[in-house]
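Here is the structure we will look at.
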Amino acid sequence: MSEHFDVHGGARLVGEVEVVGAKNSVLKLMAAALLAEGTTTITNCPQILDVPLMADVLRSVGCEVVLDGDTAHITTPSELSHRADSPAMGKLRASVCVLGPLVGRLKKAVVALPGGDAIGSRPLDMHQNGLRKLGATSSIEHGCVVAEAVGLHGAQIWLDFPSVGATENILMAAVLAEGTTVIDNAAREPEIVDICTMLTEMGAKIEGAGTSTLTVEGVDTLHPTEHRVIGDRIVGATWAFAAAMTRGDLTVTGVNPHHLELVLEKLRLAGADITTFDGKGFRVVQPERPLSVDFVTLPYPGFATDLQPFAVALSSVSDGTSMITENVYEARFRFIEEMVRLGADARTDGHHAVVRGVDKLSSAPVWASDIRAGAGLVLAGLCADGVTEVWDVFHIDRGYPHFVENLNRLGARIDRVATEPDRC
Ligand code: UD1
């Protein structure tokens with residue numbers, strides 16, 4: 001039985017919403033628990049499907065994991081398995097983040113190639129090259145990344161691109177390598193700062209978190225810690241776009257507005273009144289129809305590729321024409337095909353999209369292709385005439401806990417319906 005959402009158009013969202021811990025941080029922090037024998041506690045975990053999936057991945061290599069509300073207790077034994085090839089591995093991208101910790105601790109890992117969102121080519125060459133620089137061999141064999149080392153030593157590593165996942169995997173191997181590792185052109189995302197903070201709490205020696213150069217002084221062992229996950233800036237930004245698109249008034253808490261400076265600046269240019277509450281949240285009030293704004297996706301502190309669907313959705317109802325450029329994951333423009341079903345005036349050319357705003361979108365059945373595209377379609381449905389059916393909503397459930405409940409509380413009318421689709 002499939003589930004879909006019936007999204008009734010014409011909502012204005014008003015009220016307050018709290019953002020939970022970041023999906024793209026918690027899963028990596030859970031992997032980091034492999035680095036220390038004993039019980040690591042992670043709080044502010046979002047209640048999304050990927051967290052129990054990651055727990056299964058950790059159990060498959062020998063950990064005990066207890067999930068209790070928003071807290072994860074991960075007990076890592078002295079003897080771990082180097083094989084992470086359980087079925088859960090294929091269901092999420094972040095599962096590949098056990099590679100670095102396993103190589104760091106065991107000097108050996110066989111890790112099934114990860115799954116996750118279909119947003120374009122997601123190679124692992126930079127992860128593998130980094131591990132090779134640290135002294136490991138690495139190959140792809142029978143659907144797994146295989147890595148092995150006699151010992152790991154510090155190295156100078158230049159990344160071709162500031163990849164989030166490669167930075168995390170190399171970092172988690174380097175913290176237990178002998179000597180100094182320098183990762184240049186490292187990712188600077190707040191989630192990287194979060195993992196550096198947790199690793200430091202565990203006894204790692206890392207300098208430069210949040211800059212392009214990470215310097216890691218290897219240590220012999222790490223110890224468990226208790227760590228609180230940072231608020232999810234992508235979910236926070238989703239609510240900011242929701243306010244702007246519905247000419248609403250939303251106060252968003254539980255997220256650091258400094259992580260969203262460029263996003264909030266773009267919404268200001270679109271005509272929103274924005275107030276920030278230091279370290280705690282922000283308020284977005286959109287008094288008039290949004291004005292068109294251009295967006296360019298880039299690694300942090302650039303505009304996040306995960307937010308590109310919301311940029312397209314906002315532009316489709318804005319006054320004027322917007323150019324949106326996708327520099328990270330080309331296949332994310334698949335979202336535009338669904339927006340066209342809803343009456344958006346949008347076309348792509350390579351990694352650029354031109355979107356001419358229309359007065360109102362028109363409801364239609366649409367299909368979510370990934371987490372963010374799914375949430376973008378729900379927001380677009382709120383701005384459409386009639387009832388929009390959004391299908392494949394399991395994607396949305398992977399990233400947004402209580403999304404429909406929150407939207408309905410804030411003034412939307414959305415029903416979760418279990419039936420078979422009737423694609424037109
Ligand atoms: C993470 C996020 C994802 C976000 C992305 C970029 C998680 C679970 N996912 O994904 O939501 O969209 O960051 O902010 O945290 N690349 C290579 N070779 C590699 C690694 C990456 O060519 O070895 C390329 C990718 O194809 C992509 C770019 O680098 O074009 C960025 O990828 P990366 O930052 O690694 O994304 P993820 O960590 O997979």
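As shown in the structure tokens, the chain order sets the letters A, B, ...; within each chain, residues go from 1, and ligands are also counted from 1 in the order they appear.
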
*May I have the residues within 8 Å of ligand 1, computed using only C-alpha atoms and all ligand atoms, as a PyMOL selection string?*
chain A and resi 23-25+27-28+92-94+116+120-128+161-167+187+189+298-300+304-306+327-330

*Please run DSSP on the backbone and report, as a ChimeraX atom specification, all residues within stretch 138-220 of chain A that come out as strand (DSSP E or B).*
/A:138-141,144-148,153,156-158,178,180-184,205-207,213-217

For the selection just defined, write its residues with N, CA and C atoms to a file, as a PDB file, in the first residue's frame.
```pdb
ATOM      1  N   SER A 138      43.002   0.563  -0.904  1.00  0.00           N
ATOM      2  CA  SER A 138      41.540   0.637  -1.001  1.00  0.00           C
ATOM      3  C   SER A 138      41.089   0.252  -2.392  1.00  0.00           C
ATOM      4  N   SER A 139      40.069  -0.595  -2.451  1.00  0.00           N
ATOM      5  CA  SER A 139      39.518  -1.018  -3.739  1.00  0.00           C
ATOM      6  C   SER A 139      38.022  -1.239  -3.575  1.00  0.00           C
ATOM      7  N   ILE A 140      37.337  -1.363  -4.699  1.00  0.00           N
ATOM      8  CA  ILE A 140      35.908  -1.709  -4.665  1.00  0.00           C
ATOM      9  C   ILE A 140      35.818  -3.171  -5.099  1.00  0.00           C
ATOM     10  N   GLU A 141      35.285  -4.020  -4.235  1.00  0.00           N
ATOM     11  CA  GLU A 141      35.189  -5.456  -4.559  1.00  0.00           C
ATOM     12  C   GLU A 141      33.809  -5.967  -4.198  1.00  0.00           C
ATOM     13  N   CYS A 144      31.522  -3.712  -2.346  1.00  0.00           N
ATOM     14  CA  CYS A 144      32.002  -3.161  -1.058  1.00  0.00           C
ATOM     15  C   CYS A 144      33.265  -2.330  -1.269  1.00  0.00           C
ATOM     16  N   VAL A 145      33.476  -1.332  -0.407  1.00  0.00           N
ATOM     17  CA  VAL A 145      34.771  -0.657  -0.348  1.00  0.00           C
ATOM     18  C   VAL A 145      35.621  -1.487   0.593  1.00  0.00           C
ATOM     19  N   VAL A 146      36.796  -1.899   0.123  1.00  0.00           N
ATOM     20  CA  VAL A 146      37.692  -2.691   0.961  1.00  0.00           C
ATOM     21  C   VAL A 146      38.918  -1.833   1.247  1.00  0.00           C
ATOM     22  N   ALA A 147      39.278  -1.715   2.510  1.00  0.00           N
ATOM     23  CA  ALA A 147      40.464  -0.923   2.862  1.00  0.00           C
ATOM     24  C   ALA A 147      41.256  -1.682   3.906  1.00  0.00           C
ATOM     25  N   GLU A 148      42.580  -1.623   3.777  1.00  0.00           N
ATOM     26  CA  GLU A 148      43.429  -2.361   4.711  1.00  0.00           C
ATOM     27  C   GLU A 148      44.768  -1.634   4.865  1.00  0.00           C
ATOM     28  N   HIS A 153      49.539   6.344   9.014  1.00  0.00           N
ATOM     29  CA  HIS A 153      50.432   7.451   9.379  1.00  0.00           C
ATOM     30  C   HIS A 153      49.862   8.764   8.871  1.00  0.00           C
ATOM     31  N   GLN A 156      49.705  14.686   4.268  1.00  0.00           N
ATOM     32  CA  GLN A 156      49.121  15.908   3.697  1.00  0.00           C
ATOM     33  C   GLN A 156      48.124  15.471   2.630  1.00  0.00           C
ATOM     34  N   ILE A 157      46.869  15.856   2.792  1.00  0.00           N
ATOM     35  CA  ILE A 157      45.826  15.420   1.851  1.00  0.00           C
ATOM     36  C   ILE A 157      45.137  16.653   1.269  1.00  0.00           C
ATOM     37  N   TRP A 158      45.098  16.724  -0.061  1.00  0.00           N
ATOM     38  CA  TRP A 158      44.357  17.801  -0.738  1.00  0.00           C
ATOM     39  C   TRP A 158      43.118  17.185  -1.351  1.00  0.00           C
ATOM     40  N   GLU A 178      49.208   7.609  13.241  1.00  0.00           N
ATOM     41  CA  GLU A 178      50.409   8.086  13.924  1.00  0.00           C
ATOM     42  C   GLU A 178      50.907   9.361  13.245  1.00  0.00           C
ATOM     43  N   THR A 180      50.900  13.630  12.194  1.00  0.00           N
ATOM     44  CA  THR A 180      50.013  14.763  11.856  1.00  0.00           C
ATOM     45  C   THR A 180      49.429  14.619  10.455  1.00  0.00           C
ATOM     46  N   THR A 181      48.124  14.796  10.369  1.00  0.00           N
ATOM     47  CA  THR A 181      47.442  14.812   9.064  1.00  0.00           C
ATOM     48  C   THR A 181      46.916  16.214   8.826  1.00  0.00           C
ATOM     49  N   VAL A 182      47.121  16.702   7.604  1.00  0.00           N
ATOM     50  CA  VAL A 182      46.540  17.996   7.224  1.00  0.00           C
ATOM     51  C   VAL A 182      45.585  17.739   6.053  1.00  0.00           C
ATOM     52  N   ILE A 183      44.317  18.087   6.240  1.00  0.00           N
ATOM     53  CA  ILE A 183      43.336  17.947   5.147  1.00  0.00           C
ATOM     54  C   ILE A 183      43.083  19.335   4.597  1.00  0.00           C
ATOM     55  N   ASP A 184      43.521  19.551   3.339  1.00  0.00           N
ATOM     56  CA  ASP A 184      43.333  20.857   2.708  1.00  0.00           C
ATOM     57  C   ASP A 184      42.157  20.815   1.750  1.00  0.00           C
ATOM     58  N   LYS A 205      42.794  15.362  18.741  1.00  0.00           N
ATOM     59  CA  LYS A 205      43.434  16.679  18.658  1.00  0.00           C
ATOM     60  C   LYS A 205      43.238  17.212  17.247  1.00  0.00           C
ATOM     61  N   ILE A 206      42.314  18.148  17.117  1.00  0.00           N
ATOM     62  CA  ILE A 206      41.955  18.684  15.792  1.00  0.00           C
ATOM     63  C   ILE A 206      41.972  20.206  15.848  1.00  0.00           C
ATOM     64  N   GLU A 207      42.605  20.817  14.864  1.00  0.00           N
ATOM     65  CA  GLU A 207      42.553  22.278  14.754  1.00  0.00           C
ATOM     66  C   GLU A 207      41.984  22.677  13.407  1.00  0.00           C
ATOM     67  N   THR A 213      41.260  24.147   6.214  1.00  0.00           N
ATOM     68  CA  THR A 213      42.422  23.327   6.573  1.00  0.00           C
ATOM     69  C   THR A 213      42.220  22.716   7.947  1.00  0.00           C
ATOM     70  N   LEU A 214      42.115  21.392   7.969  1.00  0.00           N
ATOM     71  CA  LEU A 214      41.981  20.682   9.245  1.00  0.00           C
ATOM     72  C   LEU A 214      43.327  20.040   9.566  1.00  0.00           C
ATOM     73  N   THR A 215      43.829  20.267  10.770  1.00  0.00           N
ATOM     74  CA  THR A 215      45.089  19.644  11.185  1.00  0.00           C
ATOM     75  C   THR A 215      44.780  18.690  12.324  1.00  0.00           C
ATOM     76  N   VAL A 216      45.156  17.439  12.125  1.00  0.00           N
ATOM     77  CA  VAL A 216      44.821  16.385  13.091  1.00  0.00           C
ATOM     78  C   VAL A 216      46.110  15.771  13.614  1.00  0.00           C
ATOM     79  N   GLU A 217      46.267  15.823  14.931  1.00  0.00           N
ATOM     80  CA  GLU A 217      47.421  15.171  15.565  1.00  0.00           C
ATOM     81  C   GLU A 217      46.909  13.824  16.078  1.00  0.00           C
TER      82      GLU A 217
END
```

*So, counting only C-alpha atoms, which residue among A:Gly350, A:Gly10, A:Pro87, A:Pro301 is closest to A:Thr325?*
A:Gly350

Counting only C-alpha atoms, which residues in stretch 261-341 of chain A sit no more than 10 Å from stretch 232-242 of chain A? For each one, give the nearest pair of atoms and the distance in Å, sorted by chain then residue number, as a Markdown table.
```
| residue | atom | partner | partner_atom | distance |
| --- | --- | --- | --- | --- |
| A:Val263 | CA | A:Ala237 | CA | 7.1 |
| A:Leu264 | CA | A:Ala240 | CA | 7.8 |
| A:Leu267 | CA | A:Phe241 | CA | 7.7 |
| A:Ala272 | CA | A:Ala240 | CA | 9.6 |
| A:Ile274 | CA | A:Ala240 | CA | 9.5 |
| A:Gly281 | CA | A:Gly236 | CA | 8.5 |
| A:Phe282 | CA | A:Ala240 | CA | 8.7 |
| A:Arg283 | CA | A:Ala240 | CA | 8.0 |
| A:Val284 | CA | A:Ala240 | CA | 6.2 |
| A:Val285 | CA | A:Ala240 | CA | 9.0 |
| A:Gln286 | CA | A:Ala240 | CA | 9.8 |
| A:Ala304 | CA | A:Ile234 | CA | 8.2 |
| A:Thr305 | CA | A:Ile234 | CA | 9.9 |
| A:Asp306 | CA | A:Ile234 | CA | 7.1 |
| A:Leu307 | CA | A:Ile234 | CA | 6.9 |
| A:Pro309 | CA | A:Thr238 | CA | 9.8 |
| A:Phe310 | CA | A:Phe241 | CA | 6.5 |
| A:Ala311 | CA | A:Phe241 | CA | 7.9 |
| A:Ala313 | CA | A:Phe241 | CA | 8.8 |
| A:Leu314 | CA | A:Phe241 | CA | 7.0 |
```

Create the file for the chosen residues now, containing N, CA and C atoms and written as a compact mmCIF listing (two decimals), in the first residue's frame.
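Contents of out.txt, as written:
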```txt
# COMPACT_ATOMS: atom_id res chain seq x y z
N VAL A 263 21.04 32.02 3.40
CA VAL A 263 19.64 31.69 3.13
C VAL A 263 18.75 32.85 3.58
N LEU A 264 18.99 33.34 4.79
CA LEU A 264 18.15 34.41 5.32
C LEU A 264 18.34 35.70 4.52
N LEU A 267 16.27 35.45 1.43
CA LEU A 267 14.84 35.66 1.71
C LEU A 267 14.56 37.14 1.99
N ALA A 272 11.26 39.36 2.59
CA ALA A 272 10.87 38.92 3.94
C ALA A 272 11.48 39.85 5.00
N ILE A 274 13.12 39.69 8.52
CA ILE A 274 13.75 38.60 9.27
C ILE A 274 14.38 39.12 10.55
N GLY A 281 17.50 30.83 17.00
CA GLY A 281 16.48 30.70 15.97
C GLY A 281 16.26 32.00 15.23
N PHE A 282 15.13 32.07 14.54
CA PHE A 282 14.84 33.26 13.75
C PHE A 282 13.34 33.33 13.47
N ARG A 283 12.91 34.53 12.98
CA ARG A 283 11.51 34.71 12.59
C ARG A 283 11.47 35.23 11.15
N VAL A 284 10.63 34.67 10.32
CA VAL A 284 10.48 35.12 8.94
C VAL A 284 9.03 35.56 8.74
N VAL A 285 8.86 36.82 8.34
CA VAL A 285 7.52 37.34 8.03
C VAL A 285 7.55 37.79 6.57
N GLN A 286 6.62 37.29 5.79
CA GLN A 286 6.59 37.67 4.37
C GLN A 286 5.29 38.44 4.11
N ALA A 304 23.21 25.85 0.10
CA ALA A 304 23.28 24.38 0.10
C ALA A 304 22.49 23.76 -1.05
N THR A 305 23.06 22.77 -1.69
CA THR A 305 22.35 22.05 -2.76
C THR A 305 21.06 21.41 -2.24
N ASP A 306 21.05 21.04 -0.96
CA ASP A 306 19.83 20.44 -0.38
C ASP A 306 18.66 21.42 -0.40
N LEU A 307 18.97 22.71 -0.49
CA LEU A 307 17.90 23.72 -0.47
C LEU A 307 17.47 24.16 -1.87
N PRO A 309 15.69 22.67 -4.22
CA PRO A 309 14.27 22.53 -4.54
C PRO A 309 13.41 23.65 -3.96
N PHE A 310 13.78 24.13 -2.77
CA PHE A 310 12.98 25.20 -2.15
C PHE A 310 13.20 26.52 -2.90
N ALA A 311 14.43 26.72 -3.41
CA ALA A 311 14.70 27.91 -4.21
C ALA A 311 13.85 27.88 -5.47
N ALA A 313 11.00 26.18 -5.86
CA ALA A 313 9.58 26.30 -5.48
C ALA A 313 9.22 27.75 -5.18
N LEU A 314 10.10 28.44 -4.43
CA LEU A 314 9.84 29.86 -4.12
C LEU A 314 9.81 30.68 -5.40
```

Using only C-alpha atoms, tabulate the residues of stretch 46-120 of chain A lying at most 6 Å from any atom of stretch 384-407 of chain A, each with its closest atom pair and that distance in Å to one decimal, by chain and increasing residue number, as CSV.
```
residue,atom,partner,partner_atom,distance
A:Gln47,CA,A:Pro401,CA,5.9
A:Ile48,CA,A:Arg398,CA,5.4
A:Leu49,CA,A:Arg398,CA,5.3
```

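Between atom CA of A:Gly411 and atom CA of A:Val229 lies a distance of 28.9 Å.
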
*Just the alpha helix (DSSP H) stuff from stretch 86-283 of chain A, please, per backbone DSSP, written as a ChimeraX atom specification.*
/A:99-106,125-133,164-174,190-201,233-245,261-269

*From A:His258, A:Gly343, A:Val358, A:Arg334, residue lying nearest A:Pro290 [only C-alpha atoms]*: A:Val358

*So, counting only C-alpha atoms, which residue among A:Arg372, A:Ala244, A:Met339, A:Val17 is closest to A:Ser318?*
A:Ala244

*What's the 8 Å shell around stretch 66-70 of chain A, counting only C-alpha atoms, without same-chain residues fewer than 6 positions away, as a PyMOL selection string?*
chain A and resi 43-47+52

Selection export as a PDB file, in the first residue's frame, atoms kept: C-alpha atoms:
```
ATOM      1  CA  THR A  43      21.278  13.603  22.504  1.00  0.00           C
ATOM      2  CA  ASN A  44      18.912  15.720  20.359  1.00  0.00           C
ATOM      3  CA  CYS A  45      18.683  12.886  17.805  1.00  0.00           C
ATOM      4  CA  PRO A  46      15.874  13.465  15.296  1.00  0.00           C
ATOM      5  CA  GLN A  47      13.210  10.748  15.261  1.00  0.00           C
ATOM      6  CA  PRO A  52      17.346   3.288  13.573  1.00  0.00           C
TER       7      PRO A  52
END
```

*Using only C-alpha atoms, determine which residues lie at most 8 Å from stretch 173-177 of chain A, disregarding the query and same-chain residues fewer than 5 positions distant; provide the list as JSON, numbers by chain.*
{"A": [100, 101, 102, 103, 104, 105, 131, 134, 151, 152, 153, 154, 204, 205, 206, 216, 217, 218, 219, 220, 221]}

*Could you check which of A:Ala136, A:Leu13, A:Cys383, A:Met172 is closest to A:Lys107, using only C-alpha atoms?*
A:Ala136

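In this structure, atom CA of A:Arg188 sits 25.9 Å away from atom CA of A:Lys91.
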
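We find atom CA of A:Gly381 and atom CA of A:Asp319 to be spaced 17.9 Å apart.
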